[in-house]
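Reviewing the structure listed below.
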Amino acid sequence: MEKIIVITGAGGILCSSFAEFLAAKGHKVALLDLNEEAAQKVADGINANGGTAKAYKCNCLDKENIEAVHNAVLADFGKCDILINGAGGNNPKCTTQHEEYVKGDENADDFLTFFNIDEKGFDFVFDLNMKGVLLPSQVFMPDMIGKDGCCVINVSSMNAYRPLTKIPAYSAAKAAVTNFTSWLAVHFAKEGIRVNAIAPGFFVTNQNRAMLFNEDGTPTPRTDKILRSTPMGRFGESEELLGTLEWLVDETKSGFVTGITVPVDGGFSVYSGV
């Protein structure tokens, strides 16, 4: 059955893969991204392959802007059946230089430590990931009330289970996303609106590439540590998220599933290190 699917962060590597997959299944896809050019490129590819998609410039931290985009989606496609909250990411302004405290960090002024992380940088990263789920949900979920087969899928992270070094705001925000997913699931359960999340393990994206690989393409020490902690010993491919996505989207397959966060992580979340 054809659905109207709204995806935030749709210009990114993972969510563009979601969009292409769902459009190929016959769904109409609204692609929301602050980077309109990236979203448009995805939409053009979908439409060229016989699907139905449209790109919208959207700031997921600006509720008025989201409401304007919502009105445009209503006019173009109709009411949203499925919302995928994929907007998020980290920022160098909230990434510490050291993984652990080093003596003298409290006096540093020429690199970032826990002590001098800019409050605005922390707020931006936390808000992008947490409010970037809250605000689109507030705007698009009213479309789902009184309808069958509607759901919300949030994009969480391994940070929700095990906070990663260097990125405190991102880790805290993704933990909040997983918690909020459960809260929303309970709040809307009687309405039949399912709310779940996918927690990707380590996938190479535009946002983390510089942290994982040097300019010459060799892996950074952080990559070595990640792969040593991932029993499957490799990064994930975006296509490996699609089976979980398909299961959560389809109410005939997951109609009694709500409030969970599914790790797709090559075993990272269950590996003790020994």
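Here, A, B, ... name the chains of the structure tokens in the order displayed, residue numbers run from 1 inside each chain, and ligands are numbered from 1 in the same displayed order.
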Long-range neighbours of stretch 160-172 of chain A as a list of chain:residue names, 6 Å cut-off, only C-alpha atoms, 4 positions minimum in chain: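 That gives A:Asn90, A:Thr95, A:Thr96, A:Glu99, A:Phe122, A:Val125, A:Phe126.
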For the contact check between stretch 15-109 of chain A and stretch 204-212 of chain A, emit one row per residue of stretch 15-109 of chain A within 12 Å, containing the shortest atom pair and the distance in Å rounded to one decimal, counting only C-alpha atoms, chain then rising number order, as CSV.
```
residue,atom,partner,partner_atom,distance
A:Cys15,CA,A:Thr205,CA,10.6
A:Ser16,CA,A:Thr205,CA,11.4
A:Ser17,CA,A:Thr205,CA,11.8
A:Ala38,CA,A:Asn206,CA,11.8
A:Ala87,CA,A:Gln207,CA,11.8
A:Gly88,CA,A:Gln207,CA,9.8
A:Gly89,CA,A:Gln207,CA,6.9
A:Asn90,CA,A:Gln207,CA,7.3
A:Asn91,CA,A:Gln207,CA,8.4
A:Pro92,CA,A:Gln207,CA,10.1
A:Thr95,CA,A:Met211,CA,10.3
A:Thr96,CA,A:Met211,CA,12.0
A:Gln97,CA,A:Met211,CA,11.5
```
Since we have the selection now, will you write its residues out, keeping all heavy atoms, as a PDB file, in the first residue's frame?
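Contents of part-v2.pdb, freshly written:
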```pdb
ATOM      1  N   CYS A  15      20.241   8.366   5.038  1.00  0.00           N
ATOM      2  CA  CYS A  15      18.829   8.663   4.775  1.00  0.00           C
ATOM      3  C   CYS A  15      18.512   8.751   3.287  1.00  0.00           C
ATOM      4  O   CYS A  15      17.375   8.491   2.883  1.00  0.00           O
ATOM      5  CB  CYS A  15      18.417   9.940   5.501  1.00  0.00           C
ATOM      6  SG  CYS A  15      18.219   9.685   7.280  1.00  0.00           S
ATOM      7  N   SER A  16      19.489   9.085   2.467  1.00  0.00           N
ATOM      8  CA  SER A  16      19.239   9.040   1.024  1.00  0.00           C
ATOM      9  C   SER A  16      19.042   7.599   0.587  1.00  0.00           C
ATOM     10  O   SER A  16      18.222   7.300  -0.298  1.00  0.00           O
ATOM     11  CB  SER A  16      20.393   9.684   0.254  1.00  0.00           C
ATOM     12  OG  SER A  16      21.610   8.974   0.438  1.00  0.00           O
ATOM     13  N   SER A  17      19.782   6.677   1.209  1.00  0.00           N
ATOM     14  CA  SER A  17      19.586   5.255   0.931  1.00  0.00           C
ATOM     15  C   SER A  17      18.183   4.813   1.347  1.00  0.00           C
ATOM     16  O   SER A  17      17.514   4.063   0.628  1.00  0.00           O
ATOM     17  CB  SER A  17      20.648   4.439   1.668  1.00  0.00           C
ATOM     18  OG  SER A  17      20.465   3.055   1.480  1.00  0.00           O
ATOM     19  N   ALA A  38      21.634  18.811  -1.910  1.00  0.00           N
ATOM     20  CA  ALA A  38      21.849  17.380  -1.681  1.00  0.00           C
ATOM     21  C   ALA A  38      20.542  16.617  -1.766  1.00  0.00           C
ATOM     22  O   ALA A  38      20.465  15.536  -2.370  1.00  0.00           O
ATOM     23  CB  ALA A  38      22.507  17.161  -0.323  1.00  0.00           C
ATOM     24  N   ALA A  87      17.656  13.634  10.610  1.00  0.00           N
ATOM     25  CA  ALA A  87      18.557  14.783  10.737  1.00  0.00           C
ATOM     26  C   ALA A  87      19.362  14.672  12.023  1.00  0.00           C
ATOM     27  O   ALA A  87      18.839  14.281  13.065  1.00  0.00           O
ATOM     28  CB  ALA A  87      17.753  16.085  10.722  1.00  0.00           C
ATOM     29  N   GLY A  88      20.641  15.017  11.948  1.00  0.00           N
ATOM     30  CA  GLY A  88      21.487  14.953  13.140  1.00  0.00           C
ATOM     31  C   GLY A  88      22.940  15.056  12.752  1.00  0.00           C
ATOM     32  O   GLY A  88      23.276  15.332  11.600  1.00  0.00           O
ATOM     33  N   GLY A  89      23.806  14.826  13.720  1.00  0.00           N
ATOM     34  CA  GLY A  89      25.232  14.874  13.434  1.00  0.00           C
ATOM     35  C   GLY A  89      26.004  15.552  14.539  1.00  0.00           C
ATOM     36  O   GLY A  89      25.441  16.085  15.501  1.00  0.00           O
ATOM     37  N   ASN A  90      27.317  15.530  14.411  1.00  0.00           N
ATOM     38  CA  ASN A  90      28.205  16.156  15.376  1.00  0.00           C
ATOM     39  C   ASN A  90      28.795  17.420  14.764  1.00  0.00           C
ATOM     40  O   ASN A  90      28.521  17.753  13.607  1.00  0.00           O
ATOM     41  CB  ASN A  90      29.316  15.180  15.790  1.00  0.00           C
ATOM     42  CG  ASN A  90      30.100  15.665  16.985  1.00  0.00           C
ATOM     43  OD1 ASN A  90      29.532  16.147  17.953  1.00  0.00           O
ATOM     44  ND2 ASN A  90      31.419  15.555  16.916  1.00  0.00           N
ATOM     45  N   ASN A  91      29.609  18.137  15.546  1.00  0.00           N
ATOM     46  CA  ASN A  91      30.234  19.360  15.064  1.00  0.00           C
ATOM     47  C   ASN A  91      31.596  19.507  15.741  1.00  0.00           C
ATOM     48  O   ASN A  91      31.727  19.187  16.929  1.00  0.00           O
ATOM     49  CB  ASN A  91      29.338  20.564  15.394  1.00  0.00           C
ATOM     50  CG  ASN A  91      29.845  21.853  14.757  1.00  0.00           C
ATOM     51  OD1 ASN A  91      30.797  22.446  15.245  1.00  0.00           O
ATOM     52  ND2 ASN A  91      29.199  22.277  13.688  1.00  0.00           N
ATOM     53  N   PRO A  92      32.616  19.969  15.019  1.00  0.00           N
ATOM     54  CA  PRO A  92      33.941  20.133  15.627  1.00  0.00           C
ATOM     55  C   PRO A  92      33.937  21.030  16.857  1.00  0.00           C
ATOM     56  O   PRO A  92      34.812  20.914  17.721  1.00  0.00           O
ATOM     57  CB  PRO A  92      34.761  20.755  14.488  1.00  0.00           C
ATOM     58  CG  PRO A  92      34.081  20.311  13.243  1.00  0.00           C
ATOM     59  CD  PRO A  92      32.616  20.273  13.575  1.00  0.00           C
ATOM     60  N   THR A  95      33.838  18.706  19.930  1.00  0.00           N
ATOM     61  CA  THR A  95      34.662  17.500  19.861  1.00  0.00           C
ATOM     62  C   THR A  95      35.969  17.764  20.594  1.00  0.00           C
ATOM     63  O   THR A  95      36.745  18.646  20.202  1.00  0.00           O
ATOM     64  CB  THR A  95      34.954  17.119  18.398  1.00  0.00           C
ATOM     65  OG1 THR A  95      33.718  16.914  17.708  1.00  0.00           O
ATOM     66  CG2 THR A  95      35.787  15.852  18.327  1.00  0.00           C
ATOM     67  N   THR A  96      36.219  17.025  21.663  1.00  0.00           N
ATOM     68  CA  THR A  96      37.422  17.272  22.457  1.00  0.00           C
ATOM     69  C   THR A  96      38.669  16.724  21.761  1.00  0.00           C
ATOM     70  O   THR A  96      38.594  15.762  20.998  1.00  0.00           O
ATOM     71  CB  THR A  96      37.301  16.640  23.856  1.00  0.00           C
ATOM     72  OG1 THR A  96      37.210  15.214  23.720  1.00  0.00           O
ATOM     73  CG2 THR A  96      36.077  17.161  24.587  1.00  0.00           C
ATOM     74  N   GLN A  97      39.789  17.343  22.053  1.00  0.00           N
ATOM     75  CA  GLN A  97      41.058  16.913  21.467  1.00  0.00           C
ATOM     76  C   GLN A  97      41.470  15.544  22.002  1.00  0.00           C
ATOM     77  O   GLN A  97      41.971  14.701  21.268  1.00  0.00           O
ATOM     78  CB  GLN A  97      42.143  17.940  21.793  1.00  0.00           C
ATOM     79  CG  GLN A  97      43.520  17.604  21.253  1.00  0.00           C
ATOM     80  CD  GLN A  97      43.643  17.865  19.764  1.00  0.00           C
ATOM     81  OE1 GLN A  97      42.865  18.604  19.198  1.00  0.00           O
ATOM     82  NE2 GLN A  97      44.626  17.237  19.130  1.00  0.00           N
TER      83      GLN A  97
END
```
Top pick for closest residue to A:Ile198, considering A:Gly104, A:Glu64, A:Phe124, A:Leu14 and counting only C-alpha atoms: A:Leu14
Secondary structure check, alpha helix (DSSP H) residues of stretch 172-207 of chain A, as a ChimeraX atom specification: /A:172-188
Contacts of A:Gly26 at 10 Å (only C-alpha atoms; same-chain gap of 5+ positions) as a list in words: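 My reading of the contact set: Met1, Glu2, Lys3, Ile4, Phe21, Gly50, Gly51 and Thr52 of chain A.
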Hey, could you make a per-residue contact list for stretch 168-209 of chain A against stretch 257-274 of chain A with 12 Å as the cut-off, showing the nearest pair of atoms and its distance in Å to one decimal, counting only C-alpha atoms, sorted by chain and number, as JSON lines?
```
{"residue": "A:Lys174", "atom": "CA", "partner": "A:Thr261", "partner_atom": "CA", "distance": 11.1}
{"residue": "A:Ala175", "atom": "CA", "partner": "A:Thr261", "partner_atom": "CA", "distance": 10.6}
{"residue": "A:Ala176", "atom": "CA", "partner": "A:Thr261", "partner_atom": "CA", "distance": 11.9}
{"residue": "A:Val177", "atom": "CA", "partner": "A:Thr261", "partner_atom": "CA", "distance": 9.6}
{"residue": "A:Thr178", "atom": "CA", "partner": "A:Thr261", "partner_atom": "CA", "distance": 6.5}
{"residue": "A:Asn179", "atom": "CA", "partner": "A:Gly259", "partner_atom": "CA", "distance": 8.9}
{"residue": "A:Phe180", "atom": "CA", "partner": "A:Gly259", "partner_atom": "CA", "distance": 9.0}
{"residue": "A:Thr181", "atom": "CA", "partner": "A:Gly259", "partner_atom": "CA", "distance": 5.9}
{"residue": "A:Ser182", "atom": "CA", "partner": "A:Gly259", "partner_atom": "CA", "distance": 4.2}
{"residue": "A:Trp183", "atom": "CA", "partner": "A:Gly259", "partner_atom": "CA", "distance": 7.4}
{"residue": "A:Leu184", "atom": "CA", "partner": "A:Gly259", "partner_atom": "CA", "distance": 7.5}
{"residue": "A:Ala185", "atom": "CA", "partner": "A:Gly259", "partner_atom": "CA", "distance": 4.8}
{"residue": "A:Val186", "atom": "CA", "partner": "A:Gly259", "partner_atom": "CA", "distance": 7.1}
{"residue": "A:His187", "atom": "CA", "partner": "A:Gly259", "partner_atom": "CA", "distance": 10.0}
{"residue": "A:Phe188", "atom": "CA", "partner": "A:Thr258", "partner_atom": "CA", "distance": 9.8}
{"residue": "A:Ala189", "atom": "CA", "partner": "A:Thr258", "partner_atom": "CA", "distance": 7.9}
{"residue": "A:Lys190", "atom": "CA", "partner": "A:Thr258", "partner_atom": "CA", "distance": 11.4}
{"residue": "A:Gly192", "atom": "CA", "partner": "A:Thr258", "partner_atom": "CA", "distance": 9.6}
{"residue": "A:Ile193", "atom": "CA", "partner": "A:Thr258", "partner_atom": "CA", "distance": 8.5}
{"residue": "A:Arg194", "atom": "CA", "partner": "A:Thr258", "partner_atom": "CA", "distance": 5.1}
{"residue": "A:Val195", "atom": "CA", "partner": "A:Thr258", "partner_atom": "CA", "distance": 5.3}
{"residue": "A:Asn196", "atom": "CA", "partner": "A:Gly259", "partner_atom": "CA", "distance": 5.0}
{"residue": "A:Ala197", "atom": "CA", "partner": "A:Thr261", "partner_atom": "CA", "distance": 4.4}
{"residue": "A:Ile198", "atom": "CA", "partner": "A:Val262", "partner_atom": "CA", "distance": 4.8}
{"residue": "A:Ala199", "atom": "CA", "partner": "A:Pro263", "partner_atom": "CA", "distance": 4.6}
{"residue": "A:Pro200", "atom": "CA", "partner": "A:Val264", "partner_atom": "CA", "distance": 5.0}
{"residue": "A:Gly201", "atom": "CA", "partner": "A:Asp265", "partner_atom": "CA", "distance": 3.7}
{"residue": "A:Phe202", "atom": "CA", "partner": "A:Asp265", "partner_atom": "CA", "distance": 6.6}
{"residue": "A:Phe203", "atom": "CA", "partner": "A:Asp265", "partner_atom": "CA", "distance": 8.8}
```
Two-atom distance - atom CA of A:Glu67, atom CA of A:Ala48 (Å): 28.4 Å
Residues near A:Leu61, cut-off 9 Å, only C-alpha atoms, skip fewer than 4 positions along chain, as a ChimeraX atom specification: /A:65-66,127-128,131-132,135-136
Point-to-point distance from atom CA of A:Ile82 to atom CA of A:Val152, Å rounded to tenths: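 Atom CA of A:Ile82 sits 5.7 Å away from atom CA of A:Val152.
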Excluding A:Asp81 and its own-chain neighbours fewer than 3 positions away, which residues fall within 9 Å of it when counting only C-alpha atoms? Please give them as a PDB file with N, CA and C atoms, in the first residue's frame.
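out-v4.pdb was written with the following content:
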```pdb
ATOM      1  N   LYS A   3       2.406   4.741   0.703  1.00  0.00           N
ATOM      2  CA  LYS A   3       2.477   5.621   1.863  1.00  0.00           C
ATOM      3  C   LYS A   3       3.119   6.951   1.473  1.00  0.00           C
ATOM      4  N   ILE A   4       2.781   7.982   2.237  1.00  0.00           N
ATOM      5  CA  ILE A   4       3.470   9.258   2.124  1.00  0.00           C
ATOM      6  C   ILE A   4       4.524   9.267   3.217  1.00  0.00           C
ATOM      7  N   ILE A   5       5.784   9.312   2.822  1.00  0.00           N
ATOM      8  CA  ILE A   5       6.890   9.192   3.775  1.00  0.00           C
ATOM      9  C   ILE A   5       7.704  10.484   3.773  1.00  0.00           C
ATOM     10  N   VAL A   6       7.909  11.031   4.963  1.00  0.00           N
ATOM     11  CA  VAL A   6       8.703  12.241   5.139  1.00  0.00           C
ATOM     12  C   VAL A   6      10.009  11.850   5.817  1.00  0.00           C
ATOM     13  N   PHE A 140       4.507  16.896  12.164  1.00  0.00           N
ATOM     14  CA  PHE A 140       3.988  15.906  11.215  1.00  0.00           C
ATOM     15  C   PHE A 140       3.104  14.832  11.852  1.00  0.00           C
ATOM     16  N   MET A 141       3.257  14.574  13.141  1.00  0.00           N
ATOM     17  CA  MET A 141       2.470  13.495  13.744  1.00  0.00           C
ATOM     18  C   MET A 141       0.961  13.752  13.787  1.00  0.00           C
ATOM     19  N   ASP A 143      -0.802  14.525  11.429  1.00  0.00           N
ATOM     20  CA  ASP A 143      -1.309  13.906  10.194  1.00  0.00           C
ATOM     21  C   ASP A 143      -1.706  12.449  10.410  1.00  0.00           C
ATOM     22  N   MET A 144      -1.071  11.799  11.382  1.00  0.00           N
ATOM     23  CA  MET A 144      -1.231  10.362  11.569  1.00  0.00           C
ATOM     24  C   MET A 144      -2.425   9.992  12.451  1.00  0.00           C
ATOM     25  N   LYS A 147      -5.535   7.624  11.535  1.00  0.00           N
ATOM     26  CA  LYS A 147      -5.203   6.840  10.343  1.00  0.00           C
ATOM     27  C   LYS A 147      -4.579   5.509  10.757  1.00  0.00           C
ATOM     28  N   ASP A 148      -4.696   4.529   9.895  1.00  0.00           N
ATOM     29  CA  ASP A 148      -4.084   3.222  10.144  1.00  0.00           C
ATOM     30  C   ASP A 148      -2.696   3.157   9.517  1.00  0.00           C
ATOM     31  N   GLY A 149      -1.840   2.315  10.099  1.00  0.00           N
ATOM     32  CA  GLY A 149      -0.549   2.008   9.489  1.00  0.00           C
ATOM     33  C   GLY A 149       0.469   3.115   9.534  1.00  0.00           C
ATOM     34  N   CYS A 150       0.369   4.010  10.522  1.00  0.00           N
ATOM     35  CA  CYS A 150       1.315   5.123  10.608  1.00  0.00           C
ATOM     36  C   CYS A 150       2.406   4.814  11.634  1.00  0.00           C
ATOM     37  N   CYS A 151       3.579   5.382  11.409  1.00  0.00           N
ATOM     38  CA  CYS A 151       4.666   5.170  12.366  1.00  0.00           C
ATOM     39  C   CYS A 151       5.719   6.255  12.247  1.00  0.00           C
ATOM     40  N   VAL A 152       6.527   6.327  13.280  1.00  0.00           N
ATOM     41  CA  VAL A 152       7.697   7.211  13.317  1.00  0.00           C
ATOM     42  C   VAL A 152       8.921   6.337  13.527  1.00  0.00           C
TER      43      VAL A 152
END
```
Proximity to A:Leu134 - best of A:Ala24, A:Leu83, A:Leu242, A:Val249, only C-alpha atoms: A:Leu83
Those in stretch 19-160 of chain A with strand (DSSP E or B) from DSSP, as a PyMOL selection string: chain A and resi 28-33+52-57+82-85+151-155
Residue nearest A:Cys80 - candidates A:Lys103, A:Lys93, A:Lys54, A:Lys28, atoms counted: only C-alpha atoms: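 Ranking A:Lys103, A:Lys93, A:Lys54, A:Lys28 by distance to A:Cys80, first place goes to A:Lys28.
Nearest residue to A:Lys63, choosing from A:Ser137, A:Asn35, A:Asn129, A:Thr244 and counting only C-alpha atoms: A:Ser137.
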Atom-to-atom span, atom CA of A:Phe256 and atom CA of A:Ala173, Å: 26.9 Å
